[in-house]
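What follows is input_0.cif (mmCIF, C-alpha atoms).
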data_protein
loop_
_atom_site.label_atom_id
_atom_site.label_comp_id
_atom_site.auth_asym_id
_atom_site.auth_seq_id
_atom_site.Cartn_x
_atom_site.Cartn_y
_atom_site.Cartn_z
CA MET A 1490 10.56 9.71 -17.25
CA ALA A 1491 12.35 6.42 -17.95
CA GLN A 1492 9.82 3.59 -18.28
CA PHE A 1493 11.39 0.76 -16.35
CA VAL A 1494 8.21 -1.30 -16.08
CA ASP A 1495 5.02 -1.42 -18.17
CA TRP A 1496 2.77 -0.77 -15.18
CA ASP A 1497 -0.49 -1.03 -17.11
CA LEU A 1498 0.51 -4.52 -18.21
CA GLY A 1499 1.41 -5.37 -14.61
CA ALA A 1500 -2.02 -4.31 -13.40
CA ALA A 1501 -3.73 -6.25 -16.20
CA THR A 1502 -1.68 -9.36 -15.38
CA ALA A 1503 -2.60 -9.17 -11.69
CA ALA A 1504 -6.28 -8.76 -12.57
CA THR A 1505 -6.22 -11.68 -15.01
CA LEU A 1506 -4.33 -14.13 -12.81
CA GLY A 1507 -5.99 -13.18 -9.50
CA ARG A 1508 -8.41 -15.67 -7.98
CA SER A 1509 -12.08 -14.87 -7.59
CA GLY A 1510 -13.37 -14.28 -4.08
CA PRO A 1511 -15.81 -16.36 -2.03
CA ALA A 1512 -19.42 -16.53 -3.17
CA VAL A 1513 -21.49 -13.76 -1.60
CA SER A 1514 -24.65 -11.97 -2.66
CA TYR A 1515 -24.68 -8.26 -3.45
CA ASP A 1516 -26.43 -7.52 -0.15
CA GLU A 1517 -23.91 -9.63 1.78
CA ALA A 1518 -21.01 -7.84 0.11
CA ALA A 1519 -22.49 -4.44 0.92
CA GLU A 1520 -22.95 -5.48 4.55
CA VAL A 1521 -19.35 -6.69 4.79
CA VAL A 1522 -18.00 -3.42 3.39
CA ALA A 1523 -20.12 -1.25 5.69
CA GLY A 1524 -19.32 -3.47 8.66
CA LEU A 1525 -15.56 -3.34 8.08
CA ARG A 1526 -15.67 0.45 7.93
CA ARG A 1527 -17.53 0.58 11.23
CA LEU A 1528 -15.16 -1.89 12.85
CA ALA A 1529 -12.12 0.02 11.63
CA ASP A 1530 -13.51 3.11 13.34
CA GLU A 1531 -14.19 1.11 16.50
CA ALA A 1532 -10.71 -0.42 16.42
CA THR A 1533 -9.15 3.04 16.12
CA GLY A 1534 -10.41 4.06 19.56
CA HIS A 1535 -9.25 0.80 21.14
CA VAL A 1536 -5.78 1.06 19.58
CA HIS A 1537 -5.29 4.70 20.59
CA ARG A 1538 -6.21 3.97 24.19
CA TYR A 1539 -4.08 0.84 24.43
CA THR A 1540 -0.96 2.16 22.68
CA GLU A 1541 -1.18 5.69 24.15
CA LEU A 1542 -0.40 6.97 20.65
CA ARG A 1543 -2.39 9.70 18.91
CA PRO A 1544 -2.30 10.67 15.21
CA ARG A 1545 -0.29 13.80 14.48
CA VAL A 1546 -1.02 13.93 10.75
CA ASP A 1547 -4.25 13.68 8.79
CA ASP A 1548 -5.24 10.26 7.51
CA PRO A 1549 -7.40 9.54 4.43
CA GLY A 1550 -9.42 6.87 6.23
CA VAL A 1551 -10.00 3.25 5.33
CA ARG A 1552 -10.54 1.73 1.88
CA VAL A 1553 -12.37 -1.58 1.76
CA VAL A 1554 -11.20 -3.21 -1.47
CA ASP A 1555 -11.50 -6.39 -3.47
CA ARG A 1556 -8.51 -8.38 -4.70
CA ARG A 1557 -8.18 -6.50 -7.99
CA ASP A 1558 -8.30 -3.11 -6.26
CA TRP A 1559 -5.67 -4.25 -3.74
CA ALA A 1560 -3.33 -5.26 -6.58
CA SER A 1561 -3.99 -1.97 -8.38
CA ALA A 1562 -3.18 0.04 -5.24
CA ASN A 1563 0.10 -1.80 -4.89
CA ILE A 1564 0.94 -1.28 -8.56
CA SER A 1565 0.51 2.45 -7.89
CA GLY A 1566 2.79 2.16 -4.89
CA LEU A 1567 5.47 0.31 -6.83
CA ARG A 1568 5.28 2.91 -9.59
CA GLU A 1569 5.92 5.69 -7.07
CA VAL A 1570 9.07 3.94 -5.83
CA VAL A 1571 10.50 2.28 -8.92
CA ASP A 1572 9.97 4.98 -11.58
CA PRO A 1573 11.95 7.70 -9.75
CA LEU A 1574 14.63 5.12 -9.03
CA ALA A 1575 14.82 4.14 -12.71
CA GLU A 1576 14.91 7.84 -13.65
CA ARG A 1577 17.85 8.36 -11.34
CA LEU A 1578 19.73 5.28 -12.47
CA THR A 1579 19.30 5.96 -16.19
CA GLY A 1580 19.83 9.69 -16.02
CA GLY A 1581 16.35 10.22 -17.45
CA ARG A 1582 17.11 8.44 -20.71
CA THR A 1583 14.06 6.93 -22.36
CA PRO A 1584 14.59 3.22 -23.03
CA GLY A 1585 14.85 2.70 -26.75
CA THR A 1586 16.29 -0.72 -27.36
CA LEU A 1587 14.17 -3.77 -28.02
CA ALA A 1588 15.86 -5.61 -25.15
CA THR A 1589 14.96 -2.84 -22.70
CA ALA A 1590 11.36 -2.69 -23.92
CA VAL A 1591 10.99 -6.45 -23.63
CA GLY A 1592 12.60 -6.32 -20.18
CA GLY A 1593 10.06 -3.74 -19.02
CA ARG A 1594 7.17 -5.90 -20.17
CA LEU A 1595 8.66 -9.07 -18.69
CA THR A 1596 9.17 -7.34 -15.34
CA ALA A 1597 5.55 -6.11 -15.48
CA VAL A 1598 4.26 -9.65 -16.00
CA GLN A 1599 6.43 -10.93 -13.16
CA ALA A 1600 5.26 -8.17 -10.80
CA GLY A 1601 1.65 -8.83 -11.81
CA THR A 1602 2.13 -12.54 -11.09
CA VAL A 1603 3.37 -11.79 -7.57
CA LEU A 1604 0.54 -9.36 -6.84
CA ALA A 1605 -2.08 -11.78 -8.19
CA TYR A 1606 -0.77 -14.43 -5.79
CA LEU A 1607 -0.68 -12.10 -2.79
CA SER A 1608 -4.04 -10.48 -3.59
CA GLY A 1609 -5.77 -13.72 -2.59
CA ARG A 1610 -4.00 -13.90 0.77
CA VAL A 1611 -3.57 -10.43 2.24
CA LEU A 1612 -6.25 -9.51 4.80
CA GLY A 1613 -5.22 -5.90 5.17
CA GLN A 1614 -2.35 -3.52 4.60
CA TYR A 1615 -1.20 -0.04 5.41
CA GLU A 1616 0.17 1.00 2.02
CA VAL A 1617 2.82 3.70 2.45
CA PHE A 1618 4.41 4.06 -0.99
CA ALA A 1619 1.68 5.70 -3.07
CA THR A 1620 0.43 8.33 -0.60
CA ASP A 1621 1.67 10.30 2.40
CA PRO A 1622 1.24 9.25 5.21
CA GLY A 1623 -0.27 6.10 3.65
CA GLN A 1624 -3.65 4.43 3.35
CA LEU A 1625 -5.35 1.60 5.20
CA LEU A 1626 -6.64 -1.16 2.91
CA LEU A 1627 -8.93 -3.97 4.08
CA VAL A 1628 -9.37 -6.80 1.56
CA ALA A 1629 -12.98 -7.82 2.10
CA PRO A 1630 -13.12 -11.10 0.12
CA ASN A 1631 -10.02 -12.45 1.85
CA ILE A 1632 -11.33 -11.58 5.31
CA VAL A 1633 -14.60 -13.37 4.56
CA ASP A 1634 -12.75 -16.33 3.04
CA VAL A 1635 -10.48 -16.83 6.06
CA GLU A 1636 -13.21 -16.37 8.67
CA ARG A 1637 -15.24 -19.06 6.91
CA LYS A 1638 -12.28 -21.45 6.77
CA LEU A 1639 -11.58 -20.87 10.46
CA ASP A 1640 -15.28 -21.12 11.32
CA ALA A 1641 -14.78 -17.89 13.28
CA ASP A 1642 -17.42 -15.48 14.49
CA PRO A 1643 -17.56 -12.86 11.68
CA HIS A 1644 -17.82 -9.82 13.96
CA ASP A 1645 -15.01 -10.99 16.23
CA PHE A 1646 -12.67 -11.98 13.41
CA ARG A 1647 -13.21 -8.77 11.46
CA LEU A 1648 -12.61 -6.61 14.52
CA TRP A 1649 -9.50 -8.64 15.36
CA VAL A 1650 -8.10 -8.03 11.85
CA CYS A 1651 -8.97 -4.34 12.08
CA LEU A 1652 -7.07 -4.04 15.36
CA HIS A 1653 -3.90 -5.27 13.65
CA GLU A 1654 -4.19 -3.07 10.57
CA VAL A 1655 -5.31 0.04 12.46
CA THR A 1656 -2.22 -0.37 14.64
CA HIS A 1657 -0.08 -0.03 11.52
CA ARG A 1658 -2.01 3.10 10.54
CA THR A 1659 -1.48 4.49 14.03
CA GLN A 1660 2.26 3.82 13.81
CA PHE A 1661 2.63 5.92 10.68
CA THR A 1662 0.21 8.71 11.61
CA ALA A 1663 1.45 9.08 15.20
CA VAL A 1664 5.12 8.98 14.14
CA PRO A 1665 5.37 11.48 11.26
CA TRP A 1666 9.03 10.74 10.50
CA LEU A 1667 8.46 6.98 10.12
CA ARG A 1668 7.38 6.89 6.47
CA ALA A 1669 10.21 9.14 5.28
CA HIS A 1670 12.67 7.07 7.30
CA PHE A 1671 11.42 3.82 5.78
CA LEU A 1672 11.58 5.17 2.21
CA GLY A 1673 15.00 6.63 2.97
CA GLU A 1674 16.29 3.23 4.03
CA VAL A 1675 15.05 1.72 0.77
CA GLN A 1676 16.92 4.46 -1.08
CA ALA A 1677 20.00 3.89 1.08
CA PHE A 1678 19.98 0.24 0.09
CA VAL A 1679 20.18 1.22 -3.58
CA ASP A 1680 22.80 3.89 -2.93
CA ALA A 1681 25.00 1.35 -1.14
CA SER A 1682 25.33 -0.75 -4.29
CA GLN A 1683 28.66 -0.76 -6.11
CA LEU A 1684 27.04 -1.64 -9.43
CA ASP A 1685 26.80 0.71 -12.39
CA ARG A 1686 23.43 1.90 -13.63
CA GLU A 1687 22.73 -0.85 -16.13
CA GLN A 1688 23.85 -3.54 -13.70
CA MET A 1689 21.61 -2.09 -10.99
CA LEU A 1690 18.58 -2.10 -13.30
CA ASP A 1691 19.33 -5.72 -14.12
CA ARG A 1692 19.56 -6.50 -10.40
CA LEU A 1693 16.20 -4.86 -9.75
CA ARG A 1694 14.63 -6.91 -12.50
CA HIS A 1695 16.27 -10.00 -11.04
CA GLY A 1696 14.69 -9.22 -7.67
CA VAL A 1697 11.21 -9.07 -9.21
CA ALA A 1698 11.93 -12.28 -11.12
CA ALA A 1699 12.99 -13.94 -7.84
CA LEU A 1700 9.65 -13.04 -6.30
CA ALA A 1701 7.72 -14.39 -9.29
CA ASP A 1702 9.78 -17.57 -9.35
CA ALA A 1703 9.11 -18.25 -5.67
CA VAL A 1704 5.37 -17.73 -6.22
CA ARG A 1705 5.29 -20.23 -9.08
CA ASN A 1706 7.70 -22.72 -7.52
CA PRO A 1707 7.56 -23.29 -3.73
CA GLN A 1708 10.85 -25.19 -3.96
CA SER A 1709 12.68 -22.22 -5.47
CA ARG A 1710 15.95 -21.29 -3.82
CA THR A 1711 16.06 -17.76 -5.23
CA SER A 1712 16.20 -14.90 -2.77
CA VAL A 1713 16.04 -11.14 -2.72
CA LEU A 1714 19.31 -11.42 -0.81
CA ASP A 1715 20.83 -12.01 -4.24
CA LEU A 1716 20.54 -8.22 -4.59
CA VAL A 1717 22.85 -7.65 -1.62
CA GLN A 1718 26.30 -6.86 -2.92
CA THR A 1719 28.12 -4.84 -0.28
CA PRO A 1720 28.61 -4.74 3.50
CA ALA A 1721 26.86 -1.35 3.49
CA GLN A 1722 23.78 -2.94 1.91
CA ARG A 1723 23.77 -5.66 4.53
CA LYS A 1724 23.74 -3.01 7.26
CA VAL A 1725 20.75 -1.29 5.64
CA LEU A 1726 18.96 -4.62 5.29
CA GLU A 1727 19.56 -5.30 8.98
CA ARG A 1728 17.98 -1.97 9.88
CA LEU A 1729 15.01 -2.60 7.58
CA THR A 1730 14.55 -6.07 9.04
CA ALA A 1731 14.59 -4.68 12.57
CA LEU A 1732 12.07 -1.97 11.65
CA MET A 1733 9.68 -4.39 9.94
CA THR A 1734 9.93 -6.77 12.87
CA LEU A 1735 9.11 -3.98 15.32
CA LEU A 1736 6.08 -2.83 13.31
CA GLU A 1737 4.65 -6.32 12.87
CA GLY A 1738 5.38 -7.37 16.43
CA HIS A 1739 3.81 -4.21 17.82
CA ALA A 1740 0.64 -4.84 15.78
CA GLU A 1741 0.48 -8.44 17.01
CA PHE A 1742 1.00 -7.34 20.61
CA VAL A 1743 -1.76 -4.72 20.36
CA MET A 1744 -4.33 -6.94 18.65
CA ASP A 1745 -3.89 -9.62 21.29
CA GLY A 1746 -3.70 -7.10 24.13
CA VAL A 1747 -6.92 -5.36 23.18
CA GLY A 1748 -8.61 -8.55 22.02
CA PRO A 1749 -9.73 -10.13 25.32
CA ASP A 1750 -11.76 -7.03 26.23
CA VAL A 1751 -13.54 -6.53 22.91
CA VAL A 1752 -13.26 -9.82 20.99
CA PRO A 1753 -14.89 -12.57 23.10
CA SER A 1754 -13.56 -15.44 20.95
CA VAL A 1755 -10.04 -14.05 20.55
CA ASP A 1756 -8.30 -17.09 22.07
CA SER A 1757 -10.02 -19.45 19.67
CA ILE A 1758 -9.34 -17.15 16.71
CA ARG A 1759 -5.65 -16.79 17.56
CA SER A 1760 -5.21 -20.55 17.99
CA LYS A 1761 -6.91 -21.38 14.69
CA PHE A 1762 -5.16 -18.54 12.87
CA ASN A 1763 -1.71 -19.61 14.06
CA ARG A 1764 -2.34 -23.18 12.93
CA ARG A 1765 -3.39 -21.90 9.53
CA ARG A 1766 -0.35 -19.58 9.30
CA ASP A 1767 2.04 -22.39 10.19
CA ALA A 1768 0.47 -24.82 7.75
CA ALA A 1769 0.10 -22.49 4.75
CA SER A 1770 2.62 -20.79 2.49
CA GLY A 1771 0.98 -17.41 2.78
CA LEU A 1772 2.35 -13.88 2.66
CA GLU A 1773 4.46 -14.21 5.81
CA ARG A 1774 6.24 -17.34 4.63
CA VAL A 1775 6.84 -15.91 1.16
CA VAL A 1776 8.31 -12.69 2.50
CA ARG A 1777 10.51 -14.41 5.07
CA LYS A 1778 11.68 -16.93 2.50
CA LEU A 1779 12.56 -14.29 -0.06
CA LEU A 1780 14.44 -12.22 2.50
CA GLY A 1781 16.36 -15.31 3.57
CA ILE A 1782 15.43 -14.85 7.23
CA GLU A 1783 12.73 -17.46 7.75
CA VAL A 1784 14.83 -19.43 10.24
CA LYS A 1785 16.97 -16.59 11.59
CA LEU A 1786 14.22 -14.10 12.31
CA ARG A 1787 10.48 -14.63 12.44
CA GLN A 1788 9.04 -11.16 12.41
CA TYR A 1789 5.72 -11.69 14.11
CA ALA A 1790 6.92 -13.91 16.93
CA GLU A 1791 10.23 -12.13 17.54
CA GLY A 1792 8.67 -8.69 17.34
CA ARG A 1793 5.83 -9.54 19.68
CA LYS A 1794 8.26 -10.99 22.24
CA PHE A 1795 10.36 -7.82 22.06
CA VAL A 1796 7.40 -5.50 22.56
CA HIS A 1797 6.01 -7.65 25.38
CA GLY A 1798 9.41 -7.79 27.06
CA VAL A 1799 9.88 -4.03 26.94
CA VAL A 1800 6.33 -3.19 28.10
CA GLU A 1801 6.71 -5.69 30.94
CA ARG A 1802 9.86 -3.89 32.09
CA VAL A 1803 9.09 -0.20 31.56
CA GLY A 1804 5.38 0.04 30.69
CA MET A 1805 3.76 1.40 27.55
CA ALA A 1806 5.10 4.92 28.07
CA GLY A 1807 8.62 3.54 28.32
CA PHE A 1808 8.14 1.40 25.23
CA ASN A 1809 6.85 4.39 23.27
CA LYS A 1810 10.31 5.94 23.47
CA VAL A 1811 10.98 3.62 20.53
CA TRP A 1812 9.13 6.16 18.34
CA GLN A 1813 11.24 9.19 19.33
CA SER A 1814 13.65 9.01 16.40
CA PRO A 1815 15.40 6.51 14.09
CA LEU A 1816 18.13 6.27 16.72
CA THR A 1817 15.72 4.80 19.27
CA LEU A 1818 14.49 2.00 17.00
CA PRO A 1819 15.68 -1.44 18.10
CA ARG A 1820 18.75 -2.97 16.55
CA VAL A 1821 18.55 -6.53 15.25
CA SER A 1822 20.55 -7.78 18.25
CA GLU A 1823 18.14 -6.06 20.66
CA LEU A 1824 15.06 -7.80 19.26
CA THR A 1825 15.99 -10.88 21.26
CA ASP A 1826 17.38 -8.86 24.18
CA PRO A 1827 14.82 -6.29 25.42
CA ASP A 1828 17.07 -5.45 28.38
CA ALA A 1829 19.71 -4.16 25.96
CA TRP A 1830 17.21 -1.80 24.31
CA VAL A 1831 15.86 -0.67 27.68
CA ALA A 1832 19.40 0.08 28.88
CA ARG A 1833 20.25 2.02 25.72
CA VAL A 1834 17.00 3.96 25.29
CA ALA A 1835 14.28 3.65 27.92
CA SER A 1836 16.44 4.13 30.99
CA HIS A 1837 17.55 7.60 29.92
#

Translate the structure described by the file into C-alpha cells.
Amino acid sequence: MAQFVDWDLGAATAATLGRSGPAVSYDEAAEVVAGLRRLADEATGHVHRYTELRPRVDDPGVRVVDRRDWASANISGLREVVDPLAERLTGGRTPGTLATAVGGRLTAVQAGTVLAYLSGRVLGQYEVFATDPGQLLLVAPNIVDVERKLDADPHDFRLWVCLHEVTHRTQFTAVPWLRAHFLGEVQAFVDASQLDREQMLDRLRHGVAALADAVRNPQSRTSVLDLVQTPAQRKVLERLTALMTLLEGHAEFVMDGVGPDVVPSVDSIRSKFNRRRDAASGLERVVRKLLGIEVKLRQYAEGRKFVHGVVERVGMAGFNKVWQSPLTLPRVSELTDPDAWVARVASH
C-alpha cells in the first residue's frame, strides 16, 4: 500500500511533544481509572432512558487512556482513513522519490504535533475511524486536570463528562448507518475535488500543515477551507458541518438534561466550564477556527438550541426521527430554524 505518512514517526512525535499529566500517585491513578469505568456504565443507563435510544450493535466498551494512548488511538484512526485514500489516489504506486519520502515524514511530524497539542485538552472522544462501530475513550489525566482547575466535585464532574461521551457512543451504536454515512461524506468530499492525484495529495498534506501551523501559531490565518475547491465540496462540507453540530448539540443537551437529577453540582460545573471554554483556545476553538466557521456556526451552542427547540415542539420521540436516515438529518439552514426541520420531517 502507498505510504503517504510515516505513521510510526507521527506516533513518536505525539508522544515526545505531549505534556505530562497532573501529579497523582499510583493508587490515585488506579482509583480514577476504575471510577471512570463505573461512571461510564452508570451514565449509559441514564443516557438510554433520557434519549429513548437503545444500542443495536455491539460495543467494545470504554477505554480509559492517558494522553499518549489517546494520541496513539487517533494515529490508528488516521491511518485507517488516509492510507486507503492515498492508495486510491496513487493507484497503489509505492512512493519512491526523495521528495515524496520527505513529504511523508514531514506530514507525520505535523500530524504528531497536532495530536500532542490536542492530547492535553481532550476529555473524551468516541473514535469512529479505527473500529466499527467505534470506541469510547476517556482521557483520565485531562479529566483530573480540568476538575482540579475548576475546583469541581470529582464524582460530579466525571459523571458529567461521561454523560456527554456516552451520548456520542449511543448515537453511533443506536444508529447503525451513522458511521458509514459519516465516512462516506468524508470520501465524497475527496471525490468532489477537481484536482489530479498528485495535486490532491499535496492538498491533503497542506491540510495537515494548516492544522500544525494553527497549533503553533494562534494568530495563523490558515484554514482547512483552503482544501475546498469546488461547489460540490462546499455542499459536502455543509452536510458534515450540520451532522457534527447535531451530534455535539445532542450530547450537550443530554448531559445538561440528565445532569440535574444525578449531578448535584451540575449548574456550578456548567458555569465554570463555559467560562473556561470561552477563555481558552482548546479543542473547540481550534476546530471551529480551522473549519472557518467560528463566527458563522458554533457547534455546541447552535446544536443544543436546535435539539432543545425540536424536543420542546415534538418531544423526544419526535426528535428521534432525526436518526431515521441521512435524509432526516438537519440541513445547515434548519439548525437555526427548528420549525423548518419539524415541518419537513417530524410532522410526517

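Picked by the PyMOL selection byres ((chain A and resi 1614-1616) around 8) from the coordinates shown: Asn1563, Gly1566, Val1611, Leu1612, Gly1613, Val1617, Phe1618, Ala1619, Thr1620, Gly1623, Gln1624, Leu1625, Leu1626, Leu1627, Glu1654, His1657 and Arg1658 of chain A.
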
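Our summary of the geometry notes that atom CA of A:Asp1828 is positioned 10.1 Å from atom CA of A:Val1803.
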
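Of the residues listed (A:Ala1600, A:Val1551, A:Val1635, A:Ala1500), A:Val1635 shows the shortest atom-to-atom separation from A:Arg1765; distances use all atoms listed in the file.
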
Padding of 6 Å on every side, edges along x, y and z, all listed atoms of stretch 1819-1823 of chain A included: what centre and edge lengths in Å, to one decimal, does that box have, as JSON?
{"center_x": 18.1, "center_y": -4.6, "center_z": 18.0, "size_x": 16.9, "size_y": 18.3, "size_z": 17.4}

Determine the residue membership of the PyMOL selection byres ((chain A and resi 1793) around 12) for the file above and supply it as an MDAnalysis selection string.
chainID A and resid 1733:1746 1787:1792 1794:1801 1824:1825 1827

Which protein, DNA or RNA residues have an atom at most 7 Å from (14.4, 0.5, 4.7), counting all atoms listed in the file? List them as a PDB file with C-alpha atoms, in the frame of the given file.
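Ended up saving to part-v5.pdb:
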ATOM      1  CA  PHE A1671      11.420   3.820   5.780  1.00  0.00           C
ATOM      2  CA  LEU A1672      11.580   5.170   2.210  1.00  0.00           C
ATOM      3  CA  GLY A1673      15.000   6.630   2.970  1.00  0.00           C
ATOM      4  CA  GLU A1674      16.290   3.230   4.030  1.00  0.00           C
ATOM      5  CA  VAL A1675      15.050   1.720   0.770  1.00  0.00           C
ATOM      6  CA  VAL A1725      20.750  -1.290   5.640  1.00  0.00           C
ATOM      7  CA  LEU A1726      18.960  -4.620   5.290  1.00  0.00           C
ATOM      8  CA  ARG A1728      17.980  -1.970   9.880  1.00  0.00           C
ATOM      9  CA  LEU A1729      15.010  -2.600   7.580  1.00  0.00           C
TER      10      LEU A1729
END

Pull out every residue that the PyMOL selection byres ((chain A and resi 1564) around 10) matches in the shown coordinates and put them as a VMD selection string.
chain A and resid 1496 to 1497 1499 to 1500 1503 1558 to 1563 1565 to 1569 1597 1600 to 1601 1604 1618 to 1619

Please rebuild stretch 1638-1655 of chain A with N, CA, C and O atoms and give the result as a PDB file, keeping the file's coordinate frame.
ATOM      1  N   LYS A1638     -13.151 -20.277   6.634  1.00  0.00           N
ATOM      2  CA  LYS A1638     -12.280 -21.450   6.770  1.00  0.00           C
ATOM      3  C   LYS A1638     -11.948 -21.738   8.225  1.00  0.00           C
ATOM      4  O   LYS A1638     -11.761 -22.899   8.612  1.00  0.00           O
ATOM      5  N   LEU A1639     -11.862 -20.687   9.032  1.00  0.00           N
ATOM      6  CA  LEU A1639     -11.580 -20.870  10.460  1.00  0.00           C
ATOM      7  C   LEU A1639     -12.844 -21.149  11.262  1.00  0.00           C
ATOM      8  O   LEU A1639     -12.751 -21.472  12.449  1.00  0.00           O
ATOM      9  N   ASP A1640     -13.995 -21.003  10.626  1.00  0.00           N
ATOM     10  CA  ASP A1640     -15.280 -21.120  11.320  1.00  0.00           C
ATOM     11  C   ASP A1640     -15.295 -20.150  12.506  1.00  0.00           C
ATOM     12  O   ASP A1640     -15.702 -20.495  13.622  1.00  0.00           O
ATOM     13  N   ALA A1641     -14.858 -18.916  12.234  1.00  0.00           N
ATOM     14  CA  ALA A1641     -14.780 -17.890  13.280  1.00  0.00           C
ATOM     15  C   ALA A1641     -16.029 -17.023  13.269  1.00  0.00           C
ATOM     16  O   ALA A1641     -16.691 -16.880  12.234  1.00  0.00           O
ATOM     17  N   ASP A1642     -16.327 -16.436  14.416  1.00  0.00           N
ATOM     18  CA  ASP A1642     -17.420 -15.480  14.490  1.00  0.00           C
ATOM     19  C   ASP A1642     -17.077 -14.286  13.617  1.00  0.00           C
ATOM     20  O   ASP A1642     -16.023 -13.648  13.819  1.00  0.00           O
ATOM     21  N   PRO A1643     -17.912 -13.936  12.625  1.00  0.00           N
ATOM     22  CA  PRO A1643     -17.560 -12.860  11.680  1.00  0.00           C
ATOM     23  C   PRO A1643     -17.235 -11.532  12.348  1.00  0.00           C
ATOM     24  O   PRO A1643     -16.230 -10.883  12.008  1.00  0.00           O
ATOM     25  N   HIS A1644     -18.081 -11.102  13.296  1.00  0.00           N
ATOM     26  CA  HIS A1644     -17.820  -9.820  13.960  1.00  0.00           C
ATOM     27  C   HIS A1644     -16.490  -9.853  14.685  1.00  0.00           C
ATOM     28  O   HIS A1644     -15.663  -8.927  14.561  1.00  0.00           O
ATOM     29  N   ASP A1645     -16.244 -10.909  15.436  1.00  0.00           N
ATOM     30  CA  ASP A1645     -15.010 -10.990  16.230  1.00  0.00           C
ATOM     31  C   ASP A1645     -13.782 -11.033  15.323  1.00  0.00           C
ATOM     32  O   ASP A1645     -12.793 -10.336  15.574  1.00  0.00           O
ATOM     33  N   PHE A1646     -13.839 -11.849  14.278  1.00  0.00           N
ATOM     34  CA  PHE A1646     -12.670 -11.980  13.410  1.00  0.00           C
ATOM     35  C   PHE A1646     -12.382 -10.671  12.681  1.00  0.00           C
ATOM     36  O   PHE A1646     -11.224 -10.246  12.579  1.00  0.00           O
ATOM     37  N   ARG A1647     -13.413 -10.014  12.202  1.00  0.00           N
ATOM     38  CA  ARG A1647     -13.210  -8.770  11.460  1.00  0.00           C
ATOM     39  C   ARG A1647     -12.656  -7.675  12.359  1.00  0.00           C
ATOM     40  O   ARG A1647     -11.770  -6.916  11.956  1.00  0.00           O
ATOM     41  N   LEU A1648     -13.147  -7.600  13.591  1.00  0.00           N
ATOM     42  CA  LEU A1648     -12.610  -6.610  14.520  1.00  0.00           C
ATOM     43  C   LEU A1648     -11.168  -6.933  14.868  1.00  0.00           C
ATOM     44  O   LEU A1648     -10.320  -6.032  14.955  1.00  0.00           O
ATOM     45  N   TRP A1649     -10.870  -8.201  15.029  1.00  0.00           N
ATOM     46  CA  TRP A1649      -9.500  -8.640  15.360  1.00  0.00           C
ATOM     47  C   TRP A1649      -8.533  -8.231  14.239  1.00  0.00           C
ATOM     48  O   TRP A1649      -7.440  -7.704  14.500  1.00  0.00           O
ATOM     49  N   VAL A1650      -8.927  -8.451  12.994  1.00  0.00           N
ATOM     50  CA  VAL A1650      -8.100  -8.030  11.850  1.00  0.00           C
ATOM     51  C   VAL A1650      -7.942  -6.514  11.843  1.00  0.00           C
ATOM     52  O   VAL A1650      -6.846  -5.984  11.629  1.00  0.00           O
ATOM     53  N   CYS A1651      -9.030  -5.800  12.080  1.00  0.00           N
ATOM     54  CA  CYS A1651      -8.970  -4.340  12.080  1.00  0.00           C
ATOM     55  C   CYS A1651      -8.020  -3.816  13.148  1.00  0.00           C
ATOM     56  O   CYS A1651      -7.302  -2.824  12.936  1.00  0.00           O
ATOM     57  N   LEU A1652      -7.982  -4.467  14.303  1.00  0.00           N
ATOM     58  CA  LEU A1652      -7.070  -4.040  15.360  1.00  0.00           C
ATOM     59  C   LEU A1652      -5.619  -4.084  14.882  1.00  0.00           C
ATOM     60  O   LEU A1652      -4.827  -3.171  15.152  1.00  0.00           O
ATOM     61  N   HIS A1653      -5.267  -5.132  14.159  1.00  0.00           N
ATOM     62  CA  HIS A1653      -3.900  -5.270  13.650  1.00  0.00           C
ATOM     63  C   HIS A1653      -3.595  -4.172  12.637  1.00  0.00           C
ATOM     64  O   HIS A1653      -2.569  -3.477  12.731  1.00  0.00           O
ATOM     65  N   GLU A1654      -4.467  -4.011  11.650  1.00  0.00           N
ATOM     66  CA  GLU A1654      -4.190  -3.070  10.570  1.00  0.00           C
ATOM     67  C   GLU A1654      -4.277  -1.627  11.034  1.00  0.00           C
ATOM     68  O   GLU A1654      -3.507  -0.775  10.584  1.00  0.00           O
ATOM     69  N   VAL A1655      -5.212  -1.316  11.923  1.00  0.00           N
ATOM     70  CA  VAL A1655      -5.310   0.040  12.460  1.00  0.00           C
ATOM     71  C   VAL A1655      -4.074   0.384  13.280  1.00  0.00           C
ATOM     72  O   VAL A1655      -3.639   1.546  13.323  1.00  0.00           O
TER      73      VAL A1655
END
